[in-house]
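Everything below belongs to coords-v5.csv, which stores CSV, C-alpha atoms.
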chain,number,residue,atom,x,y,z
A,1,MET,CA,14.1,-2.8,25.7
A,2,GLY,CA,10.6,-2.9,27.2
A,3,VAL,CA,9.3,-0.2,24.9
A,4,GLU,CA,10.8,-1.9,21.9
A,5,LEU,CA,9.2,-5.2,22.8
A,6,LEU,CA,5.8,-3.5,23.3
A,7,ILE,CA,6.1,-1.8,19.9
A,8,VAL,CA,6.9,-5.1,18.2
A,9,ILE,CA,3.9,-6.7,19.7
A,10,LEU,CA,1.6,-3.8,18.7
A,11,ILE,CA,2.9,-3.8,15.1
A,12,VAL,CA,2.4,-7.6,14.9
A,13,PHE,CA,-1.2,-6.9,16.1
A,14,MET,CA,-1.6,-4.3,13.4
A,15,LEU,CA,-0.3,-6.7,10.8
A,16,ALA,CA,-2.8,-9.4,11.9
A,17,ALA,CA,-5.6,-6.8,11.8
A,18,ALA,CA,-4.6,-5.7,8.3
A,19,VAL,CA,-4.6,-9.2,6.9
A,20,ILE,CA,-8.0,-9.9,8.5
A,21,ALA,CA,-9.3,-6.7,7.0
A,22,LEU,CA,-8.2,-7.6,3.5
A,23,GLU,CA,-9.3,-11.3,3.7
A,24,ALA,CA,-12.5,-11.2,5.7
A,25,ASP,CA,-15.7,-12.0,3.7
A,26,ASP,CA,-17.9,-9.6,5.6
A,27,LEU,CA,-17.2,-5.9,4.8
A,28,LEU,CA,-18.3,-4.7,8.3
A,29,SER,CA,-15.7,-7.0,9.8
A,30,SER,CA,-13.0,-5.6,7.5
A,31,VAL,CA,-13.8,-2.1,8.4
A,32,ILE,CA,-13.7,-2.9,12.2
A,33,ALA,CA,-10.4,-4.7,11.8
A,34,VAL,CA,-8.9,-1.6,10.2
A,35,GLY,CA,-10.2,0.5,13.1
A,36,ALA,CA,-8.5,-1.9,15.5
A,37,ALA,CA,-5.2,-1.3,13.6
A,38,GLY,CA,-5.7,2.5,13.8
A,39,PHE,CA,-6.2,2.4,17.6
A,40,ALA,CA,-3.1,0.2,18.0
A,41,LEU,CA,-1.2,2.8,16.0
A,42,SER,CA,-2.4,5.5,18.5
A,43,VAL,CA,-1.0,3.4,21.3
A,44,ILE,CA,2.4,3.1,19.5
A,45,ASP,CA,2.4,6.9,19.1
A,46,LEU,CA,2.0,7.2,22.9
A,47,LEU,CA,4.9,4.8,23.5
A,48,VAL,CA,7.3,6.7,21.3
A,49,GLY,CA,6.6,10.0,22.9
A,50,ALA,CA,4.1,11.5,20.5
A,51,PRO,CA,1.0,12.4,22.6
A,52,ASP,CA,-0.3,14.9,20.1
A,53,LEU,CA,-0.3,12.3,17.4
A,54,ALA,CA,-2.1,9.7,19.6
A,55,ILE,CA,-4.9,12.2,20.4
A,56,THR,CA,-5.3,13.1,16.7
A,57,GLN,CA,-5.2,9.5,15.6
A,58,VAL,CA,-8.0,8.5,17.9
A,59,VAL,CA,-10.3,11.4,16.8
A,60,VAL,CA,-9.5,10.8,13.1
A,61,GLU,CA,-10.1,7.1,13.6
A,62,VAL,CA,-13.5,7.5,15.0
A,63,ILE,CA,-14.7,9.8,12.2
A,64,MET,CA,-13.1,7.5,9.6
A,65,LEU,CA,-14.9,4.4,11.1
A,66,VAL,CA,-18.3,6.3,11.0
A,67,LEU,CA,-17.7,7.2,7.3
A,68,LEU,CA,-16.7,3.6,6.3
A,69,ILE,CA,-19.5,2.0,8.3
A,70,ARG,CA,-21.9,4.3,6.6
A,71,ALA,CA,-20.6,3.1,3.2
A,72,VAL,CA,-20.8,-0.6,3.9
A,73,LEU,CA,-23.7,-1.1,6.4
A,74,LYS,CA,-26.4,-1.8,3.8
A,75,ARG,CA,-24.1,-3.5,1.3
A,76,ARG,CA,-22.4,-6.1,3.6
A,77,ASP,CA,-23.1,-9.2,1.5
A,78,GLU,CA,-21.1,-7.9,-1.4
A,79,ALA,CA,-17.6,-9.0,-0.5
A,80,ALA,CA,-18.3,-12.7,-0.3
A,81,ALA,CA,-19.5,-12.8,-3.9
A,82,ILE,CA,-16.4,-10.9,-5.2
A,83,SER,CA,-13.5,-13.4,-5.4
A,84,SER,CA,-10.1,-12.3,-6.4
A,85,ASP,CA,-8.1,-13.5,-9.4
A,86,LEU,CA,-5.8,-16.4,-8.3
A,87,LEU,CA,-3.0,-15.7,-10.8
A,88,ARG,CA,-3.0,-12.0,-10.0
A,89,THR,CA,-2.9,-12.7,-6.2
A,90,GLY,CA,0.0,-15.1,-6.6
A,91,LEU,CA,2.0,-12.7,-8.7
A,92,CYS,CA,1.3,-9.9,-6.3
A,93,LEU,CA,2.4,-11.9,-3.3
A,94,LEU,CA,5.6,-12.8,-5.1
A,95,ALA,CA,6.3,-9.1,-5.9
A,96,CYS,CA,5.6,-8.2,-2.3
A,97,GLY,CA,8.1,-10.7,-1.1
A,98,VAL,CA,10.8,-9.4,-3.4
A,99,LEU,CA,10.0,-5.8,-2.2
A,100,LEU,CA,10.4,-6.9,1.4
A,101,ALA,CA,13.7,-8.6,0.7
A,102,VAL,CA,15.1,-5.5,-1.1
A,103,VAL,CA,14.1,-3.3,1.8
A,104,PHE,CA,15.7,-5.7,4.2
A,105,PHE,CA,19.1,-5.5,2.4
A,106,ALA,CA,18.8,-1.8,1.8
A,107,LEU,CA,18.4,-1.2,5.6
A,108,GLY,CA,21.7,-3.0,6.3
A,109,GLY,CA,20.3,-6.5,6.4
A,110,LEU,CA,22.3,-9.0,8.4
A,111,ALA,CA,24.8,-6.4,9.5
A,112,GLY,CA,22.4,-5.3,12.2
A,113,ASP,CA,22.5,-1.8,13.5
A,114,ASP,CA,25.7,-0.8,11.5
A,115,ALA,CA,23.8,0.4,8.5
A,116,PRO,CA,25.8,2.6,6.1
A,117,ASP,CA,25.2,6.4,6.2
A,118,GLY,CA,22.5,7.7,4.0
A,119,THR,CA,19.9,5.1,4.9
A,120,ILE,CA,17.3,5.4,7.6
A,121,PRO,CA,19.1,6.1,11.0
A,122,PRO,CA,19.2,3.1,13.4
A,123,PHE,CA,16.1,2.8,15.7
A,124,GLY,CA,16.4,4.9,18.8
A,125,GLU,CA,19.1,7.3,17.3
A,126,PRO,CA,17.3,10.0,15.3
A,127,VAL,CA,19.1,12.3,13.0
A,128,LEU,CA,19.1,15.1,15.5
A,129,ALA,CA,21.1,13.0,18.0
A,130,ASN,CA,23.9,12.1,15.5
A,131,GLY,CA,25.5,9.8,18.1
A,132,LYS,CA,27.5,7.2,16.2
A,133,ARG,CA,26.9,8.6,12.8
A,134,ALA,CA,29.0,11.8,13.1
A,135,ALA,CA,29.1,12.2,9.3
A,136,VAL,CA,25.3,13.0,9.2
A,137,PRO,CA,24.6,16.7,10.1
A,138,PRO,CA,22.1,17.1,12.9
A,139,GLY,CA,19.4,18.7,10.6
A,140,VAL,CA,16.9,21.4,11.4
A,141,SER,CA,15.1,19.6,14.2
A,142,LYS,CA,17.8,20.4,16.7
A,143,GLN,CA,17.5,24.1,16.1
A,144,TYR,CA,13.7,23.9,16.3
A,145,LEU,CA,14.0,22.2,19.7
A,146,GLU,CA,16.5,24.7,21.1
A,147,GLN,CA,14.7,27.8,19.8
A,148,THR,CA,11.1,26.8,20.5
A,149,VAL,CA,10.8,28.6,23.8
A,150,SER,CA,12.9,31.6,23.0
A,151,GLU,CA,11.5,32.2,19.5
A,152,THR,CA,7.8,31.3,19.8
A,153,GLY,CA,7.0,31.1,23.5
A,154,ALA,CA,5.3,27.8,23.0
A,155,VAL,CA,6.2,24.9,25.3
A,156,ASN,CA,5.1,22.2,22.9
A,157,ALA,CA,7.6,21.8,20.1
A,158,VAL,CA,5.2,20.0,17.7
A,159,THR,CA,2.6,22.8,17.8
A,160,ALA,CA,5.4,25.4,17.6
A,161,ILE,CA,6.5,23.8,14.3
A,162,LEU,CA,3.0,23.5,13.0
A,163,LEU,CA,1.8,27.0,13.8
A,164,ASP,CA,5.0,29.0,13.8
A,165,PHE,CA,8.0,27.6,12.0
A,166,ARG,CA,6.0,25.9,9.3
A,167,ALA,CA,2.7,27.7,9.3
A,168,TYR,CA,2.5,27.7,5.5
A,169,ASP,CA,2.4,23.9,5.5
A,170,THR,CA,-0.6,24.0,7.8
A,171,LEU,CA,-2.3,26.5,5.6
A,172,GLY,CA,-1.8,24.0,2.7
A,173,GLU,CA,-3.2,21.2,4.8
A,174,ALA,CA,-6.3,23.3,5.6
A,175,THR,CA,-6.7,23.9,1.8
A,176,VAL,CA,-6.4,20.2,1.1
A,177,ILE,CA,-9.1,19.3,3.7
A,178,PHE,CA,-11.4,22.0,2.3
A,179,VAL,CA,-11.1,20.8,-1.3
A,180,SER,CA,-11.6,17.1,-0.3
A,181,VAL,CA,-14.7,18.0,1.7
A,182,LEU,CA,-16.0,20.0,-1.2
A,183,GLY,CA,-15.4,17.1,-3.5
A,184,ALA,CA,-17.2,14.6,-1.2
A,185,TYR,CA,-20.1,17.0,-1.0
A,186,ALA,CA,-20.3,17.4,-4.8
A,187,LEU,CA,-20.3,13.6,-5.2
A,188,LEU,CA,-23.0,12.9,-2.6
A,189,ARG,CA,-25.4,15.8,-3.0
A,190,ARG,CA,-29.0,15.1,-4.1
A,191,VAL,CA,-30.1,18.5,-5.1
A,192,GLY,CA,-29.3,19.7,-8.6
A,193,ARG,CA,-28.5,16.2,-10.0
A,194,ARG,CA,-30.0,15.0,-13.3
A,195,LYS,CA,-32.1,11.9,-13.3
A,196,GLU,CA,-30.1,8.7,-14.2
A,197,GLY,CA,-31.5,5.7,-15.9
A,198,LEU,CA,-29.1,3.2,-14.3
A,199,SER,CA,-29.5,4.2,-10.6
A,200,PRO,CA,-31.8,2.0,-8.6
B,1,MET,CA,15.8,-5.3,17.5
B,2,GLY,CA,15.8,-2.0,15.7
B,3,ILE,CA,15.9,-3.5,12.2
B,4,ALA,CA,13.1,-5.9,13.2
B,5,ILE,CA,10.8,-2.9,14.0
B,6,TYR,CA,11.6,-1.2,10.7
B,7,MET,CA,11.0,-4.5,8.8
B,8,LEU,CA,7.6,-5.0,10.5
B,9,ALA,CA,6.6,-1.5,9.6
B,10,PHE,CA,7.6,-2.2,6.0
B,11,ALA,CA,5.7,-5.5,6.1
B,12,LEU,CA,2.5,-3.5,7.0
B,13,LEU,CA,3.2,-1.2,4.0
B,14,VAL,CA,3.5,-4.2,1.8
B,15,VAL,CA,0.3,-5.8,3.1
B,16,GLY,CA,-1.5,-2.5,2.1
B,17,ILE,CA,0.1,-2.6,-1.4
B,18,TYR,CA,-1.1,-6.2,-1.7
B,19,GLY,CA,-4.6,-5.1,-0.9
B,20,VAL,CA,-4.6,-2.3,-3.4
B,21,ILE,CA,-3.3,-4.4,-6.3
B,22,ALA,CA,-4.9,-7.8,-5.7
B,23,LYS,CA,-8.4,-7.0,-4.5
B,24,ARG,CA,-11.3,-6.3,-6.8
B,25,ASN,CA,-13.7,-4.9,-4.2
B,26,VAL,CA,-13.7,-1.1,-4.0
B,27,ILE,CA,-14.0,-1.0,-0.2
B,28,LYS,CA,-11.1,-3.5,0.1
B,29,ILE,CA,-9.0,-1.2,-2.1
B,30,ILE,CA,-9.9,1.8,0.2
B,31,LEU,CA,-8.9,-0.2,3.2
B,32,GLY,CA,-5.6,-1.1,1.6
B,33,ILE,CA,-4.8,2.6,1.0
B,34,LEU,CA,-5.7,3.3,4.7
B,35,ILE,CA,-3.2,0.6,5.8
B,36,ILE,CA,-0.5,2.1,3.6
B,37,ASP,CA,-1.3,5.4,5.3
B,38,TYR,CA,-0.9,3.9,8.8
B,39,ALA,CA,2.4,2.2,7.9
B,40,VAL,CA,4.0,5.3,6.4
B,41,ASN,CA,2.9,7.5,9.3
B,42,MET,CA,4.2,4.9,11.8
B,43,LEU,CA,7.5,4.5,10.0
B,44,LEU,CA,8.2,8.3,10.1
B,45,VAL,CA,7.4,8.6,13.8
B,46,LEU,CA,9.6,5.6,14.6
B,47,VAL,CA,12.5,7.2,12.6
B,48,GLY,CA,12.3,10.2,15.0
B,49,TYR,CA,12.3,8.2,18.2
B,50,ARG,CA,15.2,8.7,20.6
B,51,ARG,CA,15.9,5.8,23.0
B,52,ASP,CA,14.6,6.8,26.5
B,53,GLY,CA,13.5,10.1,25.0
B,54,VAL,CA,10.8,12.3,26.4
B,55,ALA,CA,7.8,13.8,24.6
B,56,PRO,CA,8.6,17.2,22.9
B,57,ILE,CA,6.6,19.1,25.5
B,58,LEU,CA,8.5,21.3,28.0
B,59,SER,CA,7.2,20.7,31.6
B,60,GLU,CA,7.0,23.5,34.1
B,61,GLY,CA,10.4,24.2,35.8
B,62,GLN,CA,12.3,22.0,33.4
B,63,ASP,CA,15.6,23.3,31.9
B,64,ALA,CA,15.1,24.0,28.2
B,65,LYS,CA,18.7,23.0,27.3
B,66,ALA,CA,18.4,19.6,29.1
B,67,TRP,CA,15.0,19.1,27.5
B,68,ALA,CA,16.4,19.7,24.0
B,69,ALA,CA,19.1,17.1,24.6
B,70,THR,CA,16.6,14.3,25.6
B,71,SER,CA,13.5,15.0,23.6
B,72,VAL,CA,12.4,12.9,20.6
B,73,ASP,CA,12.5,14.5,17.1
B,74,PRO,CA,9.5,16.9,16.8
B,75,LEU,CA,9.8,17.5,13.1
B,76,PRO,CA,8.5,14.1,11.8
B,77,GLN,CA,5.7,14.3,14.4
B,78,ALA,CA,4.5,17.7,13.1
B,79,MET,CA,4.6,16.5,9.5
B,80,VAL,CA,2.8,13.2,10.4
B,81,LEU,CA,0.1,15.2,12.3
B,82,THR,CA,-0.6,17.0,9.0
B,83,SER,CA,-0.5,13.7,7.1
B,84,ILE,CA,-3.1,12.0,9.5
B,85,VAL,CA,-5.6,14.8,9.0
B,86,ILE,CA,-5.1,14.8,5.2
B,87,GLY,CA,-5.6,11.0,5.4
B,88,LEU,CA,-9.1,11.7,6.9
B,89,GLY,CA,-9.9,14.0,3.9
B,90,LEU,CA,-8.7,11.3,1.5
B,91,THR,CA,-10.9,8.7,3.2
B,92,ALA,CA,-13.9,11.0,3.0
B,93,LEU,CA,-13.4,11.6,-0.7
B,94,MET,CA,-12.8,7.9,-1.4
B,95,VAL,CA,-15.9,6.7,0.5
B,96,ALA,CA,-18.0,9.3,-1.3
B,97,MET,CA,-16.7,7.9,-4.6
B,98,ALA,CA,-17.5,4.4,-3.5
B,99,ILE,CA,-21.0,5.3,-2.4
B,100,ARG,CA,-21.6,7.0,-5.8
B,101,LEU,CA,-20.2,4.0,-7.7
B,102,TYR,CA,-22.6,1.7,-5.8
B,103,GLN,CA,-25.6,4.0,-6.5
B,104,LYS,CA,-24.8,4.1,-10.2
B,105,TYR,CA,-23.7,0.5,-10.9
B,106,GLY,CA,-25.2,-1.5,-8.0
B,107,THR,CA,-21.9,-3.3,-7.2
B,108,PHE,CA,-18.5,-2.8,-5.6
B,109,ASP,CA,-16.7,-5.2,-8.0
B,110,MET,CA,-14.2,-3.2,-10.1
B,111,ASN,CA,-14.3,-5.7,-13.0
B,112,GLU,CA,-18.1,-5.5,-13.3
B,113,ILE,CA,-17.9,-1.7,-13.2
B,114,ARG,CA,-15.3,-1.7,-15.9
B,115,LYS,CA,-17.5,-3.9,-18.1
B,116,LEU,CA,-20.6,-1.8,-17.6
B,117,LYS,CA,-18.9,1.4,-18.6
B,118,GLY,CA,-21.4,4.3,-19.1
I need this file expressed as structure tokens, please.
Amino acid sequence: MGVELLIVILIVFMLAAAVIALEADDLLSSVIAVGAAGFALSVIDLLVGAPDLAITQVVVEVIMLVLLIRAVLKRRDEAAAISSDLLRTGLCLLACGVLLAVVFFALGGLAGDDAPDGTIPPFGEPVLANGKRAAVPPGVSKQYLEQTVSETGAVNAVTAILLDFRAYDTLGEATVIFVSVLGAYALLRRVGRRKEGLSP
Amino acid sequence: MGIAIYMLAFALLVVGIYGVIAKRNVIKIILGILIIDYAVNMLLVLVGYRRDGVAPILSEGQDAKAWAATSVDPLPQAMVLTSIVIGLGLTALMVAMAIRLYQKYGTFDMNEIRKLKG
């Protein structure tokens, strides 16, 4: 119960930070609010037993904040001048409310934790535990957990999955990172670019 | 309590979608995409949580069988680890695009940029 209450408090904090980030007039405040949400997420990762994720989230968050602050630091006064369309905002809020209601009833709604099979498993009972929901097969995670030590010799199941059981996924991830860095470099380079009339 | 946690995670996702659709500032749109990223990652990790579960790391002297019966689900964590790092690459590319847009058009306002064209 204690952990669940802490998670609820942290998610509410993230929600507040997200709303502040989207509605603040100063771009620097927005970026810092999103950073606060990211650090709250890393604390949530710690609480639900994912220390690897918490460490990665902190590192990624710091780099992300540096990039975003670099983008907004000299252009801070922009946001106040850009007002959003009222009709569009209203319609969007309506659509978001409908979406939330649909998700609520799809998750089992007022029936509480007795959601039908085939939806997200109830909180605290992952697919690999298959406690009350005997109809759902335990999935592949159970085998990963039982075979981690004997098959790979690693003691950390997450790194065993990343680098042994699903190493090709990690290769794909490295490819995506390489391509995105290449793209960012191509967009920002100074050398070899033709003169532009419009640029200040 | 369980459904409340899931609903809050979905609410965060919806706030991000709102930012992407309703805002005209390029930086605000990027922040909306980042919030969606956080929400989805968090939801996947929460789905793999086992009540009173331990981290999927075997301590010294611990029995492997007993550990496998109490550990949280490691598979969503491994996939989310990949997703977090890809999110960083995504941010780098989006920020580079925003900086170039500002250099070329002198504004972050999407409507202005659309009007100015070439």
Return the neighbours of chain B among the residues of chain A, cut-off 7 Å, counting only C-alpha atoms, as a PyMOL selection string.
-> chain A and resi 8+11+15+18+22+48-50+53+57+60+64+67-68+71+79+82+84+88-89+92-93+96+100+104+112-113+121-126+128+141+145-146+155-158+161-162+173+176-177+180-181+183-184+187-188+198-200
Pairwise distance, CA of Ala40 (chain A) with CA of Gly90 (chain A), equals 29.1 Å
May I have the residues within 9 Å of Thr152 (chain A) as a ChimeraX atom specification, using only C-alpha atoms and disregarding those fewer than 4 positions away in the same chain?
-> /A:147-148,160,164-165
Taking into account only C-alpha atoms, which residue in the set A:Ile55, A:Arg76, A:Lys142, A:Val12 is nearest to Leu27 (chain A)?
-> A:Arg76
